[in-house]
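Trainee: Below is target14.txt; it holds compact mmCIF, C-alpha atoms and all ligand atoms.
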# COMPACT_ATOMS: atom_id res chain seq x y z
CA MET A 291 -7.49 -6.66 -16.54
CA MET A 292 -7.73 -3.07 -15.21
CA THR A 293 -4.34 -1.64 -14.23
CA ASP A 294 -5.46 -1.04 -10.66
CA ASN A 295 -6.34 -4.69 -10.36
CA ASN A 296 -3.12 -5.95 -11.92
CA PRO A 297 -1.18 -7.21 -8.88
CA TRP A 298 2.25 -6.94 -10.51
CA THR A 299 1.72 -3.26 -11.45
CA ARG A 300 0.55 -2.62 -7.91
CA ALA A 301 3.49 -4.46 -6.35
CA GLN A 302 5.85 -2.30 -8.40
CA LYS A 303 4.10 0.88 -7.27
CA GLN A 304 4.36 -0.19 -3.64
CA LEU A 305 8.08 -0.78 -4.08
CA GLN A 306 8.61 2.62 -5.73
CA THR A 307 6.72 4.42 -2.95
CA ALA A 308 8.84 2.77 -0.26
CA ALA A 309 12.08 3.36 -2.18
CA LYS A 310 11.29 7.09 -2.24
CA ASN A 311 11.38 7.18 1.54
CA PHE A 312 14.22 4.72 1.90
CA PRO A 313 16.51 5.03 -1.11
CA ILE A 314 18.33 1.80 -1.92
CA ASP A 315 21.22 0.77 -4.11
CA PRO A 316 20.02 1.10 -7.77
CA MET A 317 21.26 -2.41 -8.50
CA LEU A 318 19.18 -3.82 -5.65
CA LEU A 319 16.16 -1.84 -6.85
CA ALA A 320 16.63 -3.25 -10.35
CA ARG A 321 16.75 -6.77 -8.93
CA LEU A 322 13.57 -6.24 -6.95
CA GLN A 323 11.83 -4.84 -10.02
CA ASN A 324 12.71 -7.93 -12.06
CA PRO A 325 12.32 -11.48 -10.79
CA ASP A 326 15.53 -13.53 -10.86
CA ARG A 327 13.95 -16.39 -12.79
CA ILE A 328 10.60 -17.11 -14.38
CA VAL A 329 9.70 -20.71 -15.11
CA GLU A 330 6.69 -21.69 -17.18
CA VAL A 331 5.92 -25.35 -17.75
CA SER A 332 3.20 -27.38 -19.39
CA VAL A 333 1.44 -29.96 -17.29
CA PRO A 334 -0.30 -32.57 -19.47
CA LEU A 335 -2.78 -34.63 -17.50
CA SER A 336 -4.54 -37.79 -18.53
CA MET A 337 -8.09 -37.46 -17.23
CA ASP A 338 -10.12 -40.31 -15.77
CA ASP A 339 -12.27 -40.45 -18.93
CA GLY A 340 -9.21 -41.06 -21.11
CA SER A 341 -8.97 -37.54 -22.54
CA ILE A 342 -5.88 -35.36 -22.10
CA ASN A 343 -5.87 -31.82 -20.74
CA VAL A 344 -2.82 -29.59 -20.72
CA TYR A 345 -2.49 -27.01 -17.94
CA GLN A 346 -0.01 -24.17 -17.55
CA GLY A 347 2.27 -24.25 -14.52
CA PHE A 348 4.39 -21.41 -13.19
CA ARG A 349 7.17 -20.83 -10.69
CA VAL A 350 8.63 -17.39 -10.23
CA GLN A 351 11.84 -17.11 -8.23
CA HIS A 352 11.81 -13.48 -7.38
CA ASN A 353 14.84 -12.92 -5.20
CA ASN A 354 17.28 -14.96 -3.08
CA ILE A 355 19.39 -12.34 -1.33
CA LEU A 356 18.21 -13.50 2.11
CA GLY A 357 18.16 -17.26 1.39
CA PRO A 358 16.52 -19.95 -0.78
CA TYR A 359 13.42 -18.85 -2.72
CA LYS A 360 10.36 -19.63 -0.61
CA GLY A 361 6.64 -19.45 -1.18
CA GLY A 362 3.49 -21.38 -1.92
CA LEU A 363 2.00 -23.12 -4.94
CA ARG A 364 -1.63 -22.38 -5.74
CA TYR A 365 -4.12 -24.24 -7.88
CA HIS A 366 -6.69 -21.83 -9.28
CA PRO A 367 -8.19 -21.12 -12.71
CA ARG A 368 -7.22 -17.46 -12.36
CA VAL A 369 -3.49 -18.12 -11.90
CA ASP A 370 -1.42 -16.22 -14.46
CA MET A 371 2.12 -14.94 -14.76
CA ASP A 372 1.48 -11.40 -13.50
CA GLU A 373 -0.30 -12.75 -10.44
CA VAL A 374 2.50 -15.21 -9.64
CA LYS A 375 5.15 -12.53 -10.22
CA ALA A 376 3.43 -10.20 -7.75
CA LEU A 377 2.92 -12.98 -5.21
CA SER A 378 6.60 -13.96 -5.44
CA PHE A 379 7.63 -10.35 -4.90
CA TRP A 380 5.37 -10.11 -1.85
CA MET A 381 7.09 -13.26 -0.51
CA THR A 382 10.49 -11.53 -0.78
CA ILE A 383 9.12 -8.61 1.22
CA LYS A 384 7.20 -10.83 3.68
CA ASN A 385 10.18 -13.05 4.49
CA ALA A 386 12.34 -10.01 5.11
CA VAL A 387 9.67 -8.38 7.31
CA VAL A 388 9.14 -11.43 9.52
CA GLY A 389 12.87 -12.12 9.66
CA VAL A 390 13.34 -15.56 8.12
CA PRO A 391 16.42 -16.36 6.02
CA PHE A 392 14.49 -16.97 2.83
CA GLY A 393 14.01 -15.19 -0.45
CA GLY A 394 10.74 -14.94 -2.32
CA GLY A 395 9.11 -17.34 -4.75
CA LYS A 396 5.63 -18.42 -5.78
CA GLY A 397 4.03 -20.76 -8.25
CA GLY A 398 0.87 -22.37 -9.36
CA VAL A 399 -1.16 -24.15 -11.97
CA ASN A 400 -4.12 -22.57 -13.75
CA VAL A 401 -6.55 -25.32 -12.93
CA ASP A 402 -9.76 -25.59 -10.96
CA PRO A 403 -8.87 -28.43 -8.57
CA LYS A 404 -12.50 -28.75 -7.48
CA LYS A 405 -13.22 -30.17 -10.93
CA LEU A 406 -10.53 -32.88 -10.64
CA SER A 407 -10.88 -36.33 -9.09
CA ALA A 408 -8.44 -37.31 -6.33
CA GLY A 409 -6.46 -39.37 -8.85
CA GLU A 410 -6.31 -36.53 -11.37
CA LEU A 411 -5.14 -34.11 -8.67
CA GLU A 412 -2.35 -36.47 -7.67
CA ARG A 413 -1.21 -37.07 -11.26
CA LEU A 414 -1.28 -33.32 -11.94
CA THR A 415 0.86 -32.63 -8.87
CA ARG A 416 3.38 -35.34 -9.67
CA GLU A 417 3.76 -34.14 -13.27
CA PHE A 418 4.12 -30.53 -12.11
CA THR A 419 6.83 -31.64 -9.65
CA ARG A 420 8.73 -33.48 -12.39
CA LYS A 421 8.67 -30.28 -14.43
CA LEU A 422 9.88 -28.17 -11.49
CA PHE A 423 12.52 -30.69 -10.33
CA PRO A 424 15.52 -28.93 -11.93
CA VAL A 425 14.74 -25.62 -10.21
CA ILE A 426 13.61 -26.57 -6.68
CA GLY A 427 15.42 -28.09 -3.68
CA PRO A 428 16.04 -27.46 0.04
CA GLU A 429 18.82 -24.92 -0.63
CA ILE A 430 17.35 -23.58 -3.88
CA ASP A 431 13.60 -23.09 -3.75
CA VAL A 432 11.15 -24.50 -1.21
CA PRO A 433 7.43 -24.59 -2.13
CA ALA A 434 4.55 -24.72 0.39
CA PRO A 435 0.75 -24.76 0.40
CA ASP A 436 -1.25 -21.76 -0.80
CA VAL A 437 -4.76 -21.31 -2.24
CA ASN A 438 -6.35 -24.77 -2.83
CA THR A 439 -3.23 -26.73 -1.98
CA ASN A 440 -2.53 -28.59 1.27
CA GLY A 441 -0.36 -31.06 3.16
CA LYS A 442 -1.45 -34.00 1.04
CA ILE A 443 -0.34 -32.21 -2.13
CA MET A 444 2.98 -31.32 -0.44
CA ALA A 445 3.48 -35.03 0.37
CA TRP A 446 3.09 -35.92 -3.34
CA ILE A 447 5.65 -33.25 -4.23
CA LEU A 448 8.01 -34.64 -1.60
CA ASP A 449 7.54 -38.19 -2.97
CA GLU A 450 8.16 -37.27 -6.56
CA TYR A 451 11.11 -35.02 -5.77
CA SER A 452 12.70 -37.67 -3.52
CA LYS A 453 12.31 -40.32 -6.22
CA LEU A 454 14.15 -38.16 -8.74
CA ALA A 455 16.78 -37.02 -6.21
CA GLY A 456 17.42 -40.61 -5.16
CA HIS A 457 16.89 -39.98 -1.46
CA GLU A 458 14.14 -38.82 0.90
CA THR A 459 14.35 -34.98 0.96
CA PRO A 460 11.80 -33.62 3.45
CA ALA A 461 13.19 -30.07 3.38
CA VAL A 462 12.17 -29.61 -0.28
CA VAL A 463 8.66 -28.53 0.76
CA THR A 464 7.00 -27.20 3.92
CA GLY A 465 3.45 -27.58 5.12
CA LYS A 466 3.83 -31.37 4.91
CA PRO A 467 1.83 -33.79 7.04
CA LEU A 468 3.46 -34.49 10.40
CA GLU A 469 4.33 -38.08 9.51
CA ARG A 470 6.25 -36.89 6.45
CA GLY A 471 8.38 -34.42 8.41
CA GLY A 472 5.89 -31.58 8.84
CA SER A 473 5.99 -29.31 11.88
CA LEU A 474 3.54 -29.21 14.72
CA GLY A 475 1.67 -25.92 14.56
CA ARG A 476 2.07 -25.34 10.80
CA PRO A 477 -1.66 -25.73 9.98
CA GLU A 478 -2.56 -23.12 12.61
CA ALA A 479 0.40 -20.84 11.88
CA THR A 480 -1.01 -18.27 9.43
CA GLY A 481 -4.23 -17.73 11.39
CA LEU A 482 -2.49 -17.71 14.76
CA GLY A 483 0.22 -15.40 13.43
CA GLY A 484 -2.51 -13.03 12.23
CA SER A 485 -4.06 -12.92 15.68
CA TYR A 486 -0.64 -12.23 17.26
CA ALA A 487 -0.12 -9.42 14.73
CA LEU A 488 -3.51 -7.85 15.41
CA LEU A 489 -3.15 -8.08 19.21
CA SER A 490 0.32 -6.64 19.06
CA ILE A 491 -0.73 -3.67 16.86
CA LEU A 492 -3.79 -3.06 19.09
CA LYS A 493 -1.51 -2.97 22.11
CA MET A 494 0.71 -0.39 20.45
CA MET A 495 -2.42 1.63 19.60
CA ARG A 496 -3.42 1.30 23.28
CA LYS A 497 -6.70 -0.34 22.30
CA ARG A 498 -8.16 -3.22 24.28
CA PRO A 499 -9.14 -6.22 22.13
CA GLU A 500 -12.06 -7.41 24.28
CA GLY A 501 -15.40 -6.95 22.60
CA LEU A 502 -14.08 -5.51 19.32
CA THR A 503 -16.25 -6.82 16.48
CA VAL A 504 -14.75 -8.73 13.55
CA ALA A 505 -15.98 -9.79 10.10
CA ILE A 506 -13.94 -12.35 8.16
CA GLN A 507 -14.21 -12.96 4.41
CA GLY A 508 -12.76 -16.41 3.68
CA PHE A 509 -13.07 -19.50 5.85
CA GLY A 510 -10.31 -21.74 4.55
CA ASN A 511 -7.27 -22.75 6.58
CA VAL A 512 -6.35 -19.13 7.32
CA GLY A 513 -9.76 -17.60 8.10
CA SER A 514 -10.99 -20.49 10.24
CA TYR A 515 -7.98 -20.61 12.57
CA LEU A 516 -7.87 -16.84 12.79
CA ALA A 517 -11.56 -16.72 13.78
CA GLU A 518 -10.92 -19.33 16.46
CA TYR A 519 -7.94 -17.48 17.95
CA LEU A 520 -9.59 -14.05 17.86
CA HIS A 521 -12.64 -15.50 19.58
CA GLU A 522 -10.35 -17.00 22.23
CA ALA A 523 -8.67 -13.61 22.71
CA GLY A 524 -12.05 -12.05 23.57
CA LEU A 525 -12.89 -10.35 20.29
CA LYS A 526 -16.43 -10.74 18.98
CA VAL A 527 -16.52 -12.50 15.61
CA VAL A 528 -19.87 -11.44 14.13
CA ALA A 529 -19.63 -12.52 10.50
CA LEU A 530 -17.99 -15.28 8.49
CA SER A 531 -18.20 -16.10 4.81
CA ASP A 532 -16.78 -18.39 2.15
CA SER A 533 -17.06 -18.10 -1.63
CA LYS A 534 -20.70 -19.18 -1.49
CA GLY A 535 -21.79 -16.60 1.10
CA GLY A 536 -21.97 -16.49 4.86
CA ILE A 537 -23.64 -15.58 8.11
CA TYR A 538 -23.93 -12.38 10.13
CA VAL A 539 -24.84 -12.61 13.82
CA PRO A 540 -24.51 -9.10 15.36
CA ALA A 541 -24.57 -10.53 18.90
CA GLY A 542 -21.49 -12.63 18.08
CA ILE A 543 -20.94 -16.17 16.81
CA ALA A 544 -20.85 -18.34 19.93
CA SER A 545 -18.73 -21.22 18.63
CA ILE A 546 -16.43 -21.00 15.62
CA HIS A 547 -15.72 -24.69 16.05
CA GLU A 548 -19.39 -25.61 15.55
CA VAL A 549 -19.62 -23.42 12.43
CA GLN A 550 -16.54 -25.19 11.12
CA ARG A 551 -18.14 -28.59 11.74
CA CYS A 552 -21.37 -27.45 10.10
CA LYS A 553 -19.46 -26.19 7.04
CA GLU A 554 -17.64 -29.50 6.74
CA LYS A 555 -20.98 -31.30 6.73
CA SER A 556 -23.02 -29.02 4.47
CA GLY A 557 -20.22 -27.70 2.25
CA LYS A 558 -20.97 -24.04 3.03
CA ILE A 559 -21.16 -21.55 5.90
CA GLY A 560 -24.55 -20.17 4.82
CA GLY A 561 -27.20 -21.54 7.16
CA CYS A 562 -24.70 -22.54 9.88
CA TYR A 563 -26.45 -20.85 12.83
CA CYS A 564 -25.43 -22.85 15.88
CA ILE A 565 -27.13 -23.18 19.22
CA GLY A 566 -25.04 -25.70 21.13
CA SER A 567 -24.13 -28.36 18.61
CA VAL A 568 -27.30 -27.88 16.54
CA CYS A 569 -26.53 -25.76 13.50
CA ASP A 570 -29.17 -24.91 10.91
CA LEU A 571 -31.12 -22.16 9.24
CA SER A 572 -34.02 -22.55 11.67
CA ASN A 573 -31.83 -20.99 14.41
CA MET A 574 -31.25 -17.85 12.35
CA LYS A 575 -34.17 -15.85 13.77
CA LYS A 576 -33.53 -16.97 17.35
CA LEU A 577 -29.95 -15.68 17.09
CA GLY A 578 -31.02 -12.47 15.35
CA GLY A 579 -28.77 -13.35 12.44
CA ARG A 580 -29.01 -13.06 8.69
CA GLU A 581 -27.45 -14.50 5.55
CA ILE A 582 -24.85 -12.33 3.84
CA SER A 583 -22.96 -12.47 0.55
CA SER A 584 -19.17 -12.72 0.50
CA GLU A 585 -19.05 -9.19 -1.00
CA LYS A 586 -21.47 -7.54 1.43
CA ILE A 587 -19.62 -8.94 4.46
CA LEU A 588 -16.89 -6.40 3.69
CA GLU A 589 -19.24 -3.48 4.28
CA LEU A 590 -20.58 -4.48 7.71
CA PRO A 591 -20.40 -2.05 10.64
CA VAL A 592 -17.53 -3.79 12.48
CA ASP A 593 -14.33 -2.64 14.16
CA ILE A 594 -12.05 -5.04 12.31
CA LEU A 595 -12.42 -6.31 8.78
CA VAL A 596 -10.42 -9.33 7.64
CA PRO A 597 -10.14 -10.13 3.93
CA ALA A 598 -8.84 -13.72 4.04
CA ALA A 599 -9.77 -14.96 0.57
CA LEU A 600 -8.26 -13.78 -2.72
CA GLU A 601 -6.63 -10.69 -4.24
CA ASN A 602 -8.55 -7.53 -5.09
CA ALA A 603 -11.39 -7.94 -2.58
CA LEU A 604 -11.15 -4.25 -1.64
CA THR A 605 -11.38 -1.96 -4.64
CA LYS A 606 -12.18 1.67 -5.37
CA GLU A 607 -15.79 0.57 -5.84
CA ASN A 608 -16.33 -0.73 -2.29
CA ALA A 609 -13.57 1.10 -0.35
CA LYS A 610 -15.81 4.07 0.43
CA LYS A 611 -18.40 1.76 1.96
CA ILE A 612 -16.00 0.11 4.40
CA LYS A 613 -16.95 0.93 7.98
CA ALA A 614 -14.21 -0.90 9.86
CA SER A 615 -11.43 1.18 11.40
CA ILE A 616 -8.83 -1.60 11.11
CA ILE A 617 -8.24 -3.96 8.18
CA LEU A 618 -6.19 -7.10 8.82
CA GLU A 619 -5.03 -8.41 5.43
CA MET A 620 -4.84 -12.19 5.76
CA ALA A 621 -5.12 -12.80 1.99
CA ASN A 622 -2.21 -11.81 -0.21
CA GLY A 623 -2.89 -8.56 -2.08
CA PRO A 624 -6.55 -8.08 -1.10
CA THR A 625 -6.44 -4.26 -1.42
CA THR A 626 -6.01 -2.45 -4.74
CA ALA A 627 -3.85 0.69 -4.84
CA GLU A 628 -6.89 2.95 -5.21
CA ALA A 629 -8.66 1.31 -2.26
CA ASP A 630 -5.47 1.70 -0.22
CA ALA A 631 -5.40 5.44 -0.98
CA ILE A 632 -9.04 5.76 0.13
CA PHE A 633 -8.29 3.94 3.40
CA LYS A 634 -5.32 6.23 4.01
CA SER A 635 -7.45 9.34 3.49
CA LYS A 636 -10.13 7.97 5.82
CA GLY A 637 -7.57 7.13 8.52
CA ILE A 638 -8.35 3.40 8.36
CA ILE A 639 -5.42 1.38 9.70
CA VAL A 640 -4.38 -1.38 7.27
CA ILE A 641 -2.23 -4.16 8.77
CA PRO A 642 -0.65 -5.25 5.49
CA ASP A 643 -0.54 -8.80 4.12
CA VAL A 644 3.26 -8.96 4.20
CA LEU A 645 3.08 -8.56 7.98
CA ALA A 646 -0.36 -9.95 8.91
CA ASN A 647 -0.10 -13.32 7.16
CA SER A 648 3.63 -13.89 7.59
CA GLY A 649 3.06 -16.42 10.41
CA GLY A 650 2.62 -19.16 7.81
CA VAL A 651 6.02 -18.79 6.27
CA ALA A 652 7.58 -18.18 9.70
CA VAL A 653 6.52 -21.66 10.79
CA SER A 654 7.50 -22.99 7.34
CA TYR A 655 10.97 -21.80 8.25
CA PHE A 656 10.75 -23.62 11.59
CA GLU A 657 9.70 -26.78 9.70
CA TRP A 658 12.55 -26.47 7.20
CA TYR A 659 14.99 -25.85 10.06
CA GLN A 660 13.78 -28.93 11.95
CA ASN A 661 14.15 -31.03 8.77
CA VAL A 662 17.64 -29.77 8.03
CA HIS A 663 18.81 -30.20 11.65
CA LYS A 664 16.80 -33.40 12.31
CA LYS A 665 14.93 -31.89 15.24
CA HIS A 666 11.33 -32.10 16.50
CA TRP A 667 9.91 -29.15 18.34
CA GLY A 668 6.78 -29.34 20.49
CA LYS A 669 3.71 -27.30 19.58
CA LYS A 670 4.11 -24.96 22.56
CA ASP A 671 7.66 -24.23 21.53
CA VAL A 672 6.60 -23.52 17.93
CA PHE A 673 3.83 -21.16 19.06
CA LYS A 674 6.18 -19.35 21.44
CA LYS A 675 8.76 -18.85 18.70
CA LEU A 676 6.01 -17.71 16.31
CA LYS A 677 4.71 -15.19 18.84
CA GLY A 678 8.23 -13.80 19.30
CA LYS A 679 8.75 -13.42 15.54
CA MET A 680 5.36 -11.77 14.96
CA GLU A 681 5.74 -9.35 17.86
CA ARG A 682 9.25 -8.34 16.86
CA ALA A 683 8.16 -7.78 13.25
CA CYS A 684 5.13 -5.72 14.37
CA GLU A 685 7.18 -3.56 16.73
CA LYS A 686 9.74 -2.88 14.04
CA VAL A 687 7.09 -1.96 11.46
CA HIS A 688 5.14 0.17 13.94
CA ASP A 689 8.31 2.06 14.95
CA ILE A 690 9.19 2.77 11.32
CA SER A 691 5.64 3.90 10.68
CA LEU A 692 5.94 6.49 13.48
CA ARG A 693 9.46 7.57 12.56
CA TYR A 694 8.78 8.01 8.83
CA LYS A 695 5.14 9.07 9.32
CA VAL A 696 3.92 6.49 6.81
CA PRO A 697 1.14 3.86 6.92
CA LEU A 698 2.01 0.34 8.10
CA ARG A 699 2.29 -1.08 4.56
CA GLU A 700 4.94 1.41 3.55
CA ALA A 701 6.65 0.88 6.90
CA ALA A 702 6.72 -2.88 6.30
CA TYR A 703 8.33 -2.29 2.90
CA ILE A 704 10.93 0.01 4.46
CA SER A 705 11.65 -2.62 7.09
CA ALA A 706 12.15 -5.21 4.32
CA LEU A 707 14.28 -2.89 2.20
CA LYS A 708 16.51 -2.25 5.23
CA SER A 709 17.17 -5.97 5.74
CA LEU A 710 17.69 -6.60 2.04
CA SER A 711 20.06 -3.62 1.75
CA GLU A 712 22.12 -4.71 4.75
CA LYS A 713 22.50 -8.26 3.43
CA ASN A 714 23.23 -6.98 -0.06
CA ALA A 715 25.89 -4.56 1.18
CA GLY A 716 27.44 -7.35 3.27
CA ALA A 717 27.63 -9.61 0.23
CA HIS A 718 29.25 -6.84 -1.87
CA LYS A 719 31.88 -6.18 0.80
CA ALA A 720 32.72 -9.88 0.98
CA SER A 721 33.12 -10.16 -2.80
CA ALA A 722 35.26 -6.98 -2.93
CA ARG A 723 37.54 -8.49 -0.24
CA LYS A 724 37.87 -11.65 -2.32
CA LYS A 725 38.79 -9.67 -5.45
CA ARG A 726 41.52 -7.75 -3.55
CA ARG A 727 43.14 -10.97 -2.36
N1 LIG B 801 1.47 -19.55 0.96
C1 LIG B 801 1.85 -18.95 2.19
C2 LIG B 801 2.10 -17.47 2.01
O1 LIG B 801 1.61 -16.87 1.09
C3 LIG B 801 2.99 -19.68 2.88
C4 LIG B 801 4.27 -19.74 2.12
C5 LIG B 801 5.31 -20.64 2.74
O2 LIG B 801 5.09 -21.15 3.83
O3 LIG B 801 6.34 -20.82 2.09
O4 LIG B 801 2.72 -16.84 2.80
Before anything else, please render the file you have as structure tokens.
Mentor:
Amino acid sequence: MMTDNNPWTRAQKQLQTAAKNFPIDPMLLARLQNPDRIVEVSVPLSMDDGSINVYQGFRVQHNNILGPYKGGLRYHPRVDMDEVKALSFWMTIKNAVVGVPFGGGKGGVNVDPKKLSAGELERLTREFTRKLFPVIGPEIDVPAPDVNTNGKIMAWILDEYSKLAGHETPAVVTGKPLERGGSLGRPEATGLGGSYALLSILKMMRKRPEGLTVAIQGFGNVGSYLAEYLHEAGLKVVALSDSKGGIYVPAGIASIHEVQRCKEKSGKIGGCYCIGSVCDLSNMKKLGGREISSEKILELPVDILVPAALENALTKENAKKIKASIILEMANGPTTAEADAIFKSKGIIVIPDVLANSGGVAVSYFEWYQNVHKKHWGKKDVFKKLKGKMERACEKVHDISLRYKVPLREAAYISALKSLSEKNAGAHKASARKKRR
């Protein structure tokens, strides 16, 4: 792996850059440079054909100064320790930026879930949960969905954990189905939070959102809701893609919902040109659209570019070809350090992942809170609280960016380091008082 593409090396560089502008206690810096705990487990799985495969599972508990470790579990063949370490570090920063009382954690299994049957996926998840049981729990470490994982998988984790704990423990995971203690609004949260973040930053830049063009790479849970909400807010979504490719309609995609339905039916976005409820390739010419690859979508002449798929989408190779003036990072770690430097020199505004996609974990916190306090909030209430959290976080980061004259990513890190330092100092004072007694 090239150094620039190694997410853990990059995460460390980002931390060092921020710590130059906002010096922190050396002990705190050392803690942030080294995850609290790294757990690696083996996950043997008996396949439907009788053979046995063994997968590697990871959980990195990066830091718990602000609260229990919190972050998703991903199933992907590319999952490795450096990736999970970086993702867990970004969760520590993200949770501090959006203001939830959680630390940072992340985990995953290096498996391609698309190659597993439903039964194999369930057995894999249950075995992984048994292996993680000693290190997770509502007050210890609370997993959630991430790439290729969902509510159903969270429900299996909840089942298996509850069996071992001896009682139903809904607060051990978030992103659960409603009937298992999930929160209304959690499926929409990351995408909706991203739209709140973008609108709020645009407002501070005194830019009107109406008519701004948007291209989105990634049409999973995050990209699809985001597209819907941006469309609703009056922006013009012109291009959408998934891993197999996508569509570009310069005049604007009329209905995100129809594209979504078409993708569900055909398994891909390519060809989903919709006129009314009829979506197929034959409409392409009529709409003046064309097919586009998931790499080329990044280089379209749009106002706002949204990488909402995996890490390292924007690299030094394609950064110079980016025409958007704003990048909304909905994936975690989509921009390499070299690409980031190019965007800075070109004056492209990057709304960083740790701010842009923090709506997901914000509503995870609401879910956890409702579980712990046995409450049920309505969807409107959840959305209102989410909006408040996103707007406050954006204002804070924007202010810091002006005051320190740094890009939004560095500002977000400074905002996080401030919260972590305050909590850390508070904890030290309390322990010094105890010692004196
Ligand atoms: N996987 C999501 C993220 O990267 C959500 C994590 C959570 O809700 O704990 O932010």
Trainee: May I ask which of the residues A:Ala599, A:Val432, A:Leu588, A:Leu492 is the closest one to Gly510 (chain A), counting only C-alpha atoms?
Mentor: A:Ala599
Trainee: Would you give the centre and edge lengths, in Å to one decimal, of a box along x, y and z around the listed atoms of ligand LIG 801 (chain B), with 5 Å added to each side, as AutoDock Vina command-line options?
Mentor:
--center_x 3.9 --center_y -19.0 --center_z 2.4 --size_x 14.9 --size_y 14.3 --size_z 12.9
Trainee: Could you pull the residues within 10 Å of Lys404 (chain A), counting all atoms listed in the file, minus those fewer than 6 positions along the same chain, as a VMD selection string?
Mentor: chain A and resid 365 to 366 411 438
Trainee: Could you give me, as a short mmCIF file (atom, residue, chain, number, x, y, z; two decimals) with C-alpha atoms, in the frame of the given file, the residues within 12 Å of Gln660 (chain A), counting all atoms listed in the file and dropping anything in the same chain fewer than 2 positions from it?
Mentor:
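Now in result04.cif:
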data_model
loop_
_atom_site.label_atom_id
_atom_site.label_comp_id
_atom_site.auth_asym_id
_atom_site.auth_seq_id
_atom_site.Cartn_x
_atom_site.Cartn_y
_atom_site.Cartn_z
CA PRO A 460 11.80 -33.62 3.45
CA ALA A 461 13.19 -30.07 3.38
CA THR A 464 7.00 -27.20 3.92
CA LEU A 468 3.46 -34.49 10.40
CA GLY A 471 8.38 -34.42 8.41
CA GLY A 472 5.89 -31.58 8.84
CA SER A 473 5.99 -29.31 11.88
CA LEU A 474 3.54 -29.21 14.72
CA VAL A 653 6.52 -21.66 10.79
CA SER A 654 7.50 -22.99 7.34
CA TYR A 655 10.97 -21.80 8.25
CA PHE A 656 10.75 -23.62 11.59
CA GLU A 657 9.70 -26.78 9.70
CA TRP A 658 12.55 -26.47 7.20
CA VAL A 662 17.64 -29.77 8.03
CA HIS A 663 18.81 -30.20 11.65
CA LYS A 664 16.80 -33.40 12.31
CA LYS A 665 14.93 -31.89 15.24
CA HIS A 666 11.33 -32.10 16.50
CA TRP A 667 9.91 -29.15 18.34
CA GLY A 668 6.78 -29.34 20.49
CA VAL A 672 6.60 -23.52 17.93
#
Trainee: Taking only residues of chain A that have an atom at most 6 Å from an atom of ligand LIG 801 (chain B), what is each one's shortest atom pair and its distance in Å to one decimal, using all atoms listed in the file, in chain and number order, as JSON lines?
Mentor:
{"residue": "A:Lys360", "atom": "CA", "partner": "B:LIG801", "partner_atom": "O3", "distance": 5.0}
{"residue": "A:Gly361", "atom": "CA", "partner": "B:LIG801", "partner_atom": "O3", "distance": 3.6}
{"residue": "A:Gly362", "atom": "CA", "partner": "B:LIG801", "partner_atom": "N1", "distance": 4.0}
{"residue": "A:Pro433", "atom": "CA", "partner": "B:LIG801", "partner_atom": "O3", "distance": 5.8}
{"residue": "A:Ala434", "atom": "CA", "partner": "B:LIG801", "partner_atom": "O3", "distance": 4.6}
{"residue": "A:Pro435", "atom": "CA", "partner": "B:LIG801", "partner_atom": "N1", "distance": 5.3}
{"residue": "A:Asp436", "atom": "CA", "partner": "B:LIG801", "partner_atom": "N1", "distance": 3.9}
{"residue": "A:Ser648", "atom": "CA", "partner": "B:LIG801", "partner_atom": "O4", "distance": 5.7}
{"residue": "A:Gly650", "atom": "CA", "partner": "B:LIG801", "partner_atom": "C3", "distance": 5.0}
{"residue": "A:Val651", "atom": "CA", "partner": "B:LIG801", "partner_atom": "O2", "distance": 3.5}
{"residue": "A:Ser654", "atom": "CA", "partner": "B:LIG801", "partner_atom": "O2", "distance": 4.6}
Trainee: Skipping near chain neighbours, those fewer than 6 positions away, what residues fall within 10 Å of Phe418 (chain A) using only C-alpha atoms, listed as a VMD selection string?
Mentor: chain A and resid 331 to 335 345 to 348 398 to 399 412 447 450
Trainee: So how far away is CA of Val462 (chain A) from CA of Tyr659 (chain A), in Å?
Mentor: 11.4 Å
Trainee: Find the spatial neighbours of Leu698 (chain A), counting only C-alpha atoms, within a cut-off of 8 Å - ignore same-chain residues fewer than 2 positions away - and output them as number ranges by chain.
Mentor: A: 639-642, 687-688, 691, 696, 700-702
Trainee: Restrict the selected residues to C-alpha atoms and save them as a compact mmCIF listing (two decimals), in the frame of the given file.
Mentor:
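File out.txt, as written:
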# COMPACT_ATOMS: atom_id res chain seq x y z
CA ILE A 639 -5.42 1.38 9.70
CA VAL A 640 -4.38 -1.38 7.27
CA ILE A 641 -2.23 -4.16 8.77
CA PRO A 642 -0.65 -5.25 5.49
CA VAL A 687 7.09 -1.96 11.46
CA HIS A 688 5.14 0.17 13.94
CA SER A 691 5.64 3.90 10.68
CA VAL A 696 3.92 6.49 6.81
CA GLU A 700 4.94 1.41 3.55
CA ALA A 701 6.65 0.88 6.90
CA ALA A 702 6.72 -2.88 6.30
Trainee: Would you list the contacts of Gly483 (chain A) as number ranges by chain, taking every protein, DNA or RNA residue within 12 Å and counting all atoms listed in the file, but skipping same-chain residues closer than 2 positions in sequence?
Mentor: A: 388, 475-481, 485-490, 512-513, 515-517, 519-520, 618-620, 643-653, 672-684
Trainee: Would you compute the distance between CA of Ser711 (chain A) and CA of Thr299 (chain A)? Give it in Å to one decimal.
Mentor: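 According to the coordinates, CA of Ser711 (chain A) and CA of Thr299 (chain A) are separated by 22.6 Å.
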Trainee: Counting all atoms listed in the file, figure out which residue out of A:Leu414, A:Asp593, A:Val568, A:Met574 gets nearest to Pro499 (chain A).
Mentor: A:Asp593
